[in-house]
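One file, run.cif, carrying mmCIF, C-alpha atoms:
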data_work
#
loop_
_atom_site.label_atom_id
_atom_site.label_comp_id
_atom_site.auth_asym_id
_atom_site.auth_seq_id
_atom_site.Cartn_x
_atom_site.Cartn_y
_atom_site.Cartn_z
CA SER A 1 17.29 14.69 -16.94
CA GLN A 2 14.39 17.09 -17.09
CA GLN A 3 15.44 18.74 -13.87
CA GLY A 4 15.70 22.50 -14.17
CA GLU A 5 18.60 24.54 -12.93
CA GLU A 6 18.50 27.44 -10.55
CA ASP A 7 21.15 29.94 -9.76
CA PRO A 8 22.60 30.92 -7.55
CA GLN A 9 22.58 27.75 -5.48
CA ALA A 10 22.91 29.88 -2.38
CA LEU A 11 22.41 33.58 -1.72
CA SER A 12 23.14 35.56 1.43
CA ILE A 13 21.88 39.13 1.75
CA GLN A 14 21.19 41.73 4.39
CA GLU A 15 17.65 42.41 5.54
CA GLY A 16 16.09 45.13 3.41
CA GLU A 17 18.04 44.22 0.27
CA ASN A 18 16.48 42.65 -2.80
CA ALA A 19 17.03 39.01 -3.70
CA THR A 20 16.99 37.70 -7.26
CA MET A 21 16.90 34.04 -8.17
CA ASN A 22 17.00 32.60 -11.66
CA CYS A 23 15.58 29.41 -13.08
CA SER A 24 16.18 27.70 -16.41
CA TYR A 25 14.16 24.81 -17.74
CA LYS A 26 14.34 22.43 -20.66
CA THR A 27 10.92 21.63 -22.09
CA SER A 28 8.03 23.71 -23.38
CA ILE A 29 5.62 24.68 -20.65
CA ASN A 30 2.08 25.78 -19.96
CA ASN A 31 3.06 27.58 -16.80
CA LEU A 32 5.88 28.03 -14.31
CA GLN A 33 5.49 28.19 -10.57
CA TRP A 34 7.66 29.26 -7.66
CA TYR A 35 7.58 27.53 -4.29
CA ARG A 36 9.22 28.26 -0.94
CA GLN A 37 10.45 25.61 1.47
CA ASN A 38 11.35 26.51 5.01
CA SER A 39 13.82 24.20 6.72
CA GLY A 40 12.19 20.89 7.64
CA ARG A 41 8.84 21.85 6.16
CA GLY A 42 6.79 21.20 3.04
CA LEU A 43 6.71 23.43 -0.01
CA VAL A 44 4.42 26.42 -0.15
CA HIS A 45 3.17 27.83 -3.44
CA LEU A 46 4.14 31.46 -4.03
CA ILE A 47 3.14 32.43 -7.54
CA LEU A 48 2.20 30.95 -10.92
CA ILE A 49 2.96 32.58 -14.26
CA ARG A 50 1.47 31.31 -17.50
CA SER A 51 3.48 30.82 -20.65
CA ASN A 52 1.75 33.77 -22.35
CA GLU A 53 2.63 36.13 -19.49
CA ARG A 54 5.93 37.96 -19.18
CA GLU A 55 5.72 39.40 -15.70
CA LYS A 56 3.63 38.94 -12.60
CA HIS A 57 3.56 40.57 -9.18
CA SER A 58 2.35 39.39 -5.81
CA GLY A 59 3.12 41.58 -2.82
CA ARG A 60 6.92 41.82 -2.57
CA LEU A 61 7.38 39.15 -5.23
CA ARG A 62 7.99 39.82 -8.90
CA VAL A 63 8.33 37.00 -11.38
CA THR A 64 9.43 37.27 -15.00
CA LEU A 65 9.25 34.64 -17.69
CA ASP A 66 11.14 34.47 -20.97
CA THR A 67 9.93 31.44 -22.90
CA SER A 68 12.36 32.08 -25.76
CA LYS A 69 15.24 31.62 -23.33
CA LYS A 70 13.40 29.05 -21.22
CA SER A 71 14.14 31.05 -18.10
CA SER A 72 12.40 32.78 -15.23
CA SER A 73 13.45 34.99 -12.37
CA LEU A 74 12.03 35.62 -8.93
CA LEU A 75 12.69 38.94 -7.25
CA ILE A 76 11.94 39.43 -3.57
CA THR A 77 12.05 43.10 -2.68
CA ALA A 78 12.83 44.55 0.76
CA SER A 79 13.76 41.13 2.12
CA ARG A 80 13.07 40.11 5.69
CA ALA A 81 14.71 37.54 7.94
CA ALA A 82 11.50 35.48 7.61
CA ASP A 83 12.20 35.12 3.88
CA THR A 84 15.09 32.80 4.74
CA ALA A 85 14.19 29.55 2.96
CA SER A 86 14.86 27.52 -0.16
CA TYR A 87 13.10 28.64 -3.31
CA PHE A 88 12.20 26.30 -6.14
CA CYS A 89 10.84 26.87 -9.59
CA ALA A 90 8.61 24.20 -11.09
CA THR A 91 7.27 23.63 -14.58
CA ASP A 92 4.55 21.36 -15.85
CA GLY A 93 6.77 20.06 -18.61
CA ASP A 94 5.15 17.43 -20.77
CA SER A 95 2.31 16.55 -18.43
CA SER A 96 -0.39 18.36 -16.49
CA TYR A 97 -0.13 15.75 -13.78
CA LYS A 98 3.37 16.43 -12.55
CA LEU A 99 5.71 19.26 -11.75
CA ILE A 100 9.38 19.28 -12.64
CA PHE A 101 11.32 21.12 -9.99
CA GLY A 102 14.51 23.09 -10.30
CA SER A 103 17.48 22.47 -8.05
CA GLY A 104 16.54 25.29 -5.68
CA THR A 105 18.19 28.42 -4.31
CA ARG A 106 18.94 28.64 -0.60
CA LEU A 107 18.33 32.20 0.54
CA LEU A 108 19.69 33.52 3.82
CA VAL A 109 18.52 36.94 4.92
CA ARG A 110 20.72 38.29 7.70
CA PRO A 111 18.98 40.51 10.28
CA ASP B 1 -7.24 22.81 9.78
CA THR B 2 -4.39 20.92 8.16
CA ALA B 3 -4.87 20.79 4.39
CA VAL B 4 -2.49 17.94 3.51
CA SER B 5 -1.31 15.73 6.34
CA GLN B 6 1.18 12.90 6.40
CA THR B 7 2.01 10.28 8.99
CA PRO B 8 4.46 9.55 10.34
CA LYS B 9 6.67 12.65 10.28
CA TYR B 10 9.78 10.60 11.00
CA LEU B 11 10.43 6.97 10.19
CA VAL B 12 13.62 5.14 11.13
CA THR B 13 13.88 1.53 10.08
CA GLN B 14 16.33 -1.15 9.05
CA MET B 15 17.17 -2.41 5.59
CA GLY B 16 14.83 -5.09 4.36
CA ASN B 17 11.82 -3.94 6.34
CA ASP B 18 8.46 -2.95 4.85
CA LYS B 19 6.91 0.38 5.82
CA SER B 20 3.97 2.59 4.90
CA ILE B 21 3.44 6.33 4.81
CA LYS B 22 -0.08 7.74 4.88
CA CYS B 23 -1.39 10.92 3.31
CA GLU B 24 -4.73 12.64 3.58
CA GLN B 25 -6.03 15.87 2.08
CA ASN B 26 -9.18 17.69 3.16
CA LEU B 27 -9.21 20.15 0.26
CA GLY B 28 -11.56 18.15 -1.95
CA HIS B 29 -8.86 17.88 -4.62
CA ASP B 30 -9.01 15.29 -7.37
CA THR B 31 -5.30 14.73 -7.85
CA MET B 32 -2.66 13.56 -5.39
CA TYR B 33 1.08 13.03 -5.72
CA TRP B 34 4.10 11.53 -4.06
CA TYR B 35 7.46 13.25 -4.38
CA LYS B 36 10.90 12.24 -3.14
CA GLN B 37 13.42 14.85 -1.96
CA ASP B 38 16.97 13.59 -1.65
CA SER B 39 19.78 14.85 0.53
CA LYS B 40 20.72 17.48 -2.08
CA LYS B 41 17.18 18.84 -1.96
CA PHE B 42 16.29 17.62 -5.46
CA LEU B 43 12.55 17.05 -5.56
CA LYS B 44 11.26 14.43 -7.99
CA ILE B 45 7.78 13.19 -8.80
CA MET B 46 7.17 9.52 -8.07
CA PHE B 47 3.45 8.97 -8.60
CA SER B 48 0.35 10.90 -9.53
CA TYR B 49 -3.22 9.76 -8.94
CA ASN B 50 -6.38 11.35 -10.29
CA ASN B 51 -9.67 10.25 -8.77
CA LYS B 52 -8.02 7.07 -7.42
CA GLU B 53 -6.55 6.22 -10.80
CA LEU B 54 -2.79 6.00 -11.34
CA ILE B 55 -1.77 8.61 -13.90
CA ILE B 56 1.97 8.86 -13.54
CA ASN B 57 4.56 6.32 -12.42
CA GLU B 58 8.00 7.82 -12.90
CA THR B 59 10.04 4.62 -13.27
CA VAL B 60 9.93 4.03 -9.56
CA PRO B 61 11.08 0.56 -8.43
CA ASN B 62 8.15 -1.77 -7.94
CA ARG B 63 9.12 -2.04 -4.27
CA PHE B 64 7.13 1.20 -4.02
CA SER B 65 3.40 0.69 -4.26
CA PRO B 66 0.97 3.58 -3.93
CA LYS B 67 -2.61 2.93 -2.95
CA SER B 68 -5.53 5.33 -3.13
CA PRO B 69 -8.58 3.99 -1.26
CA ASP B 70 -10.48 7.18 -2.06
CA LYS B 71 -9.60 10.50 -3.61
CA ALA B 72 -8.77 12.05 -0.23
CA HIS B 73 -6.12 9.48 0.61
CA LEU B 74 -2.92 8.33 -1.06
CA ASN B 75 -0.70 5.95 0.84
CA LEU B 76 2.78 4.76 -0.05
CA HIS B 77 3.97 1.28 0.84
CA ILE B 78 7.63 0.40 0.49
CA ASN B 79 8.86 -3.18 0.51
CA SER B 80 12.39 -4.40 1.24
CA LEU B 81 13.73 -0.98 2.17
CA GLU B 82 17.21 -0.08 0.95
CA LEU B 83 19.73 2.50 2.18
CA GLY B 84 19.10 4.57 -0.96
CA ASP B 85 15.45 4.97 -0.01
CA SER B 86 16.47 7.35 2.76
CA ALA B 87 14.94 10.70 1.84
CA VAL B 88 12.07 13.01 2.64
CA TYR B 89 8.82 11.96 0.99
CA PHE B 90 6.20 14.59 0.28
CA CYS B 91 2.57 14.10 -0.53
CA ALA B 92 0.78 16.83 -2.45
CA SER B 93 -2.62 17.50 -3.98
CA SER B 94 -4.09 19.78 -6.59
CA GLN B 95 -7.44 20.61 -8.12
CA VAL B 96 -6.65 22.10 -11.48
CA ARG B 97 -5.86 19.25 -13.87
CA SER B 98 -4.79 21.25 -16.86
CA PRO B 99 -2.59 23.08 -17.61
CA GLY B 100 -0.96 22.10 -14.35
CA GLY B 101 -2.02 24.02 -11.29
CA GLU B 102 -0.87 24.95 -7.86
CA GLN B 103 -0.03 22.03 -5.64
CA TYR B 104 -0.46 21.86 -1.89
CA PHE B 105 2.24 19.94 -0.05
CA GLY B 106 2.19 17.98 3.15
CA PRO B 107 4.88 18.51 5.81
CA GLY B 108 6.93 15.55 4.62
CA THR B 109 8.02 12.21 6.08
CA ARG B 110 11.73 11.85 6.75
CA LEU B 111 12.62 8.21 6.13
CA THR B 112 15.95 6.95 7.42
CA VAL B 113 17.01 3.43 6.50
CA THR B 114 19.89 2.00 8.55
#

If you convert what's in this file into structure tokens, what do you get?
Amino acid sequence: SQQGEEDPQALSIQEGENATMNCSYKTSINNLQWYRQNSGRGLVHLILIRSNEREKHSGRLRVTLDTSKKSSSLLITASRAADTASYFCATDGDSSYKLIFGSGTRLLVRP
Amino acid sequence: DTAVSQTPKYLVTQMGNDKSIKCEQNLGHDTMYWYKQDSKKFLKIMFSYNNKELIINETVPNRFSPKSPDKAHLNLHINSLELGDSAVYFCASSQVRSPGGEQYFGPGTRLTVT
């Protein structure tokens, strides 16, 4: 299966703490993306990092990419209750016309 | 304005029936997709269309037939529904063809087959 793996599967933290999620993938990539999915909703794009980039920031989000280890991490700083959602990484794998999603991390931010 | 819309949001039907899910995007994107998310939240590509042309068919049973009447619409018709078809189906669209760009997802259609 080309499906990527994310860990942890679930993460529970207190509001204000940082949350770190990791993603590993199997094929070579052009870019890696992170998406958020609130319960019962569609996915929302958060950030895209290209294979020649090592780190990228967007607001409270920081993404790193290590292509030698085929892994990425998403850090959410100063978490809020509204950050409670599932987070998925996605790679373009062997085709520009599809994304291969990881298994997702369920984040719970306790108020 | 809704960027990617799907109808219906919920669909409950019996085994053996035929049903359709509709998707429309008003973003002017060239590429549209159907994904299936199972009960464990795994999200898997089913089909990809670019300018009404089928680009990707990920070994989906031929009971599933996508149709793209124009580049703003991608519908999914499912024949002879089976219990295992129960899932949430997401439509998505994107503009950047290479090297794989941001995708915009619809709200999903929760299909329950009884």

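Within 8 Å of chain B, and using only C-alpha atoms, the residues found on chain A are A:Asn30, A:Asn31, A:Gln33, A:Gly40, A:Arg41, A:Gly42, A:Leu43, A:Val44, A:His45, A:Leu48, A:Asp92, A:Ser95, A:Ser96, A:Tyr97, A:Lys98, A:Leu99, A:Ile100, A:Phe101, A:Gly102, A:Ser103, A:Gly104.
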
- Task: Take CA of Leu61 (chain A) and CA of Glu15 (chain A) and report the distance between them in Å, one decimal.
- Result: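 Between CA of Leu61 (chain A) and CA of Glu15 (chain A) the gap is 15.2 Å.
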
- Tell me which residues the PyMOL selection byres ((chain A and resi 62-73) around 9) grabs here, as a ChimeraX atom specification. /A:20-29,32,34,47-61,74-77,89

- Exercise: residues within 9 Å of coordinate (23.5, 25.3, -6.1), counting all atoms listed in the file, as a ChimeraX atom specification: /A:5-10,103-106

- Task: Apply the PyMOL selection byres ((chain B and resi 8) around 10) to the displayed file and report the matching residues as a list in words.
- Result: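 On the file shown, the PyMOL selection byres ((chain B and resi 8) around 10) covers Ser5, Gln6, Thr7, Lys9, Tyr10, Leu11, Ser20, Ile21, Lys22, Cys23, Gly108, Thr109, Arg110 and Leu111 of chain B.
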
Write out the residues from the selection above, keeping C-alpha atoms, as an mmCIF file, in the frame of the given file.
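Wrote it out as result07.cif, contents follow:
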data_model
loop_
_atom_site.group_PDB
_atom_site.id
_atom_site.type_symbol
_atom_site.label_atom_id
_atom_site.label_comp_id
_atom_site.auth_asym_id
_atom_site.auth_seq_id
_atom_site.Cartn_x
_atom_site.Cartn_y
_atom_site.Cartn_z
ATOM 1 C CA SER B 5 -1.310 15.730 6.340
ATOM 2 C CA GLN B 6 1.180 12.900 6.400
ATOM 3 C CA THR B 7 2.010 10.280 8.990
ATOM 4 C CA LYS B 9 6.670 12.650 10.280
ATOM 5 C CA TYR B 10 9.780 10.600 11.000
ATOM 6 C CA LEU B 11 10.430 6.970 10.190
ATOM 7 C CA SER B 20 3.970 2.590 4.900
ATOM 8 C CA ILE B 21 3.440 6.330 4.810
ATOM 9 C CA LYS B 22 -0.080 7.740 4.880
ATOM 10 C CA CYS B 23 -1.390 10.920 3.310
ATOM 11 C CA GLY B 108 6.930 15.550 4.620
ATOM 12 C CA THR B 109 8.020 12.210 6.080
ATOM 13 C CA ARG B 110 11.730 11.850 6.750
ATOM 14 C CA LEU B 111 12.620 8.210 6.130
#

- Point-to-point distance in Å for CA of Gln37 (chain B) and CA of Ala87 (chain B):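 Computed distance, CA of Ala87 (chain B) to CA of Gln37 (chain B), equals 5.8 Å.
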
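With CA of Leu107 (chain A) on one side and CA of Ser86 (chain B) on the other, the separation reads 25.0 Å.
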
- Task: Please identify all polymer residues within 7 Å of Lys19 (chain B), counting all atoms listed in the file, omitting same-chain residues fewer than 5 positions from it, and present them as number ranges by chain.
- Result: B: 77-79

Can those selected residues be exported to a file as a PDB file, in the frame of the given file so that it contains C-alpha atoms?
ATOM      1  CA  HIS B  77       3.970   1.280   0.840  1.00  0.00           C
ATOM      2  CA  ILE B  78       7.630   0.400   0.490  1.00  0.00           C
ATOM      3  CA  ASN B  79       8.860  -3.180   0.510  1.00  0.00           C
TER       4      ASN B  79
END

For Ala82 (chain A), work out the shell of residues within 12 Å, counting all atoms listed in the file and skipping chain neighbours fewer than 2 positions away, then give it as a PDB file with C-alpha atoms, keeping the file's coordinate frame.
ATOM      1  CA  GLN A  14      21.190  41.730   4.390  1.00  0.00           C
ATOM      2  CA  GLU A  15      17.650  42.410   5.540  1.00  0.00           C
ATOM      3  CA  GLY A  16      16.090  45.130   3.410  1.00  0.00           C
ATOM      4  CA  ARG A  36       9.220  28.260  -0.940  1.00  0.00           C
ATOM      5  CA  GLN A  37      10.450  25.610   1.470  1.00  0.00           C
ATOM      6  CA  ASN A  38      11.350  26.510   5.010  1.00  0.00           C
ATOM      7  CA  SER A  39      13.820  24.200   6.720  1.00  0.00           C
ATOM      8  CA  ILE A  76      11.940  39.430  -3.570  1.00  0.00           C
ATOM      9  CA  ALA A  78      12.830  44.550   0.760  1.00  0.00           C
ATOM     10  CA  SER A  79      13.760  41.130   2.120  1.00  0.00           C
ATOM     11  CA  ARG A  80      13.070  40.110   5.690  1.00  0.00           C
ATOM     12  CA  THR A  84      15.090  32.800   4.740  1.00  0.00           C
ATOM     13  CA  ALA A  85      14.190  29.550   2.960  1.00  0.00           C
ATOM     14  CA  SER A  86      14.860  27.520  -0.160  1.00  0.00           C
ATOM     15  CA  LEU A 107      18.330  32.200   0.540  1.00  0.00           C
ATOM     16  CA  LEU A 108      19.690  33.520   3.820  1.00  0.00           C
ATOM     17  CA  VAL A 109      18.520  36.940   4.920  1.00  0.00           C
ATOM     18  CA  ARG A 110      20.720  38.290   7.700  1.00  0.00           C
ATOM     19  CA  PRO A 111      18.980  40.510  10.280  1.00  0.00           C
TER      20      PRO A 111
END

Residue contacts of Asn51 (chain B) (12 Å, all atoms listed in the file) excluding same-chain residues fewer than 6 positions away, as a PDB file with C-alpha atoms, in the frame of the given file:
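Done, and the output landed in part.pdb:
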ATOM      1  CA  GLY B  28     -11.560  18.150  -1.950  1.00  0.00           C
ATOM      2  CA  HIS B  29      -8.860  17.880  -4.620  1.00  0.00           C
ATOM      3  CA  ASP B  30      -9.010  15.290  -7.370  1.00  0.00           C
ATOM      4  CA  THR B  31      -5.300  14.730  -7.850  1.00  0.00           C
ATOM      5  CA  MET B  32      -2.660  13.560  -5.390  1.00  0.00           C
ATOM      6  CA  TYR B  33       1.080  13.030  -5.720  1.00  0.00           C
ATOM      7  CA  LYS B  67      -2.610   2.930  -2.950  1.00  0.00           C
ATOM      8  CA  SER B  68      -5.530   5.330  -3.130  1.00  0.00           C
ATOM      9  CA  PRO B  69      -8.580   3.990  -1.260  1.00  0.00           C
ATOM     10  CA  ASP B  70     -10.480   7.180  -2.060  1.00  0.00           C
ATOM     11  CA  LYS B  71      -9.600  10.500  -3.610  1.00  0.00           C
ATOM     12  CA  ALA B  72      -8.770  12.050  -0.230  1.00  0.00           C
ATOM     13  CA  HIS B  73      -6.120   9.480   0.610  1.00  0.00           C
ATOM     14  CA  LEU B  74      -2.920   8.330  -1.060  1.00  0.00           C
ATOM     15  CA  SER B  93      -2.620  17.500  -3.980  1.00  0.00           C
ATOM     16  CA  SER B  94      -4.090  19.780  -6.590  1.00  0.00           C
ATOM     17  CA  GLN B  95      -7.440  20.610  -8.120  1.00  0.00           C
ATOM     18  CA  ARG B  97      -5.860  19.250 -13.870  1.00  0.00           C
TER      19      ARG B  97
END

- Taking the point (21.7, 1.2, 3.5) as given in the file, collect each protein or nucleic acid residue that comes within 8 Å of it, counting all atoms listed in the file, and present the set as number ranges by chain. B: 15, 82-84, 113-114
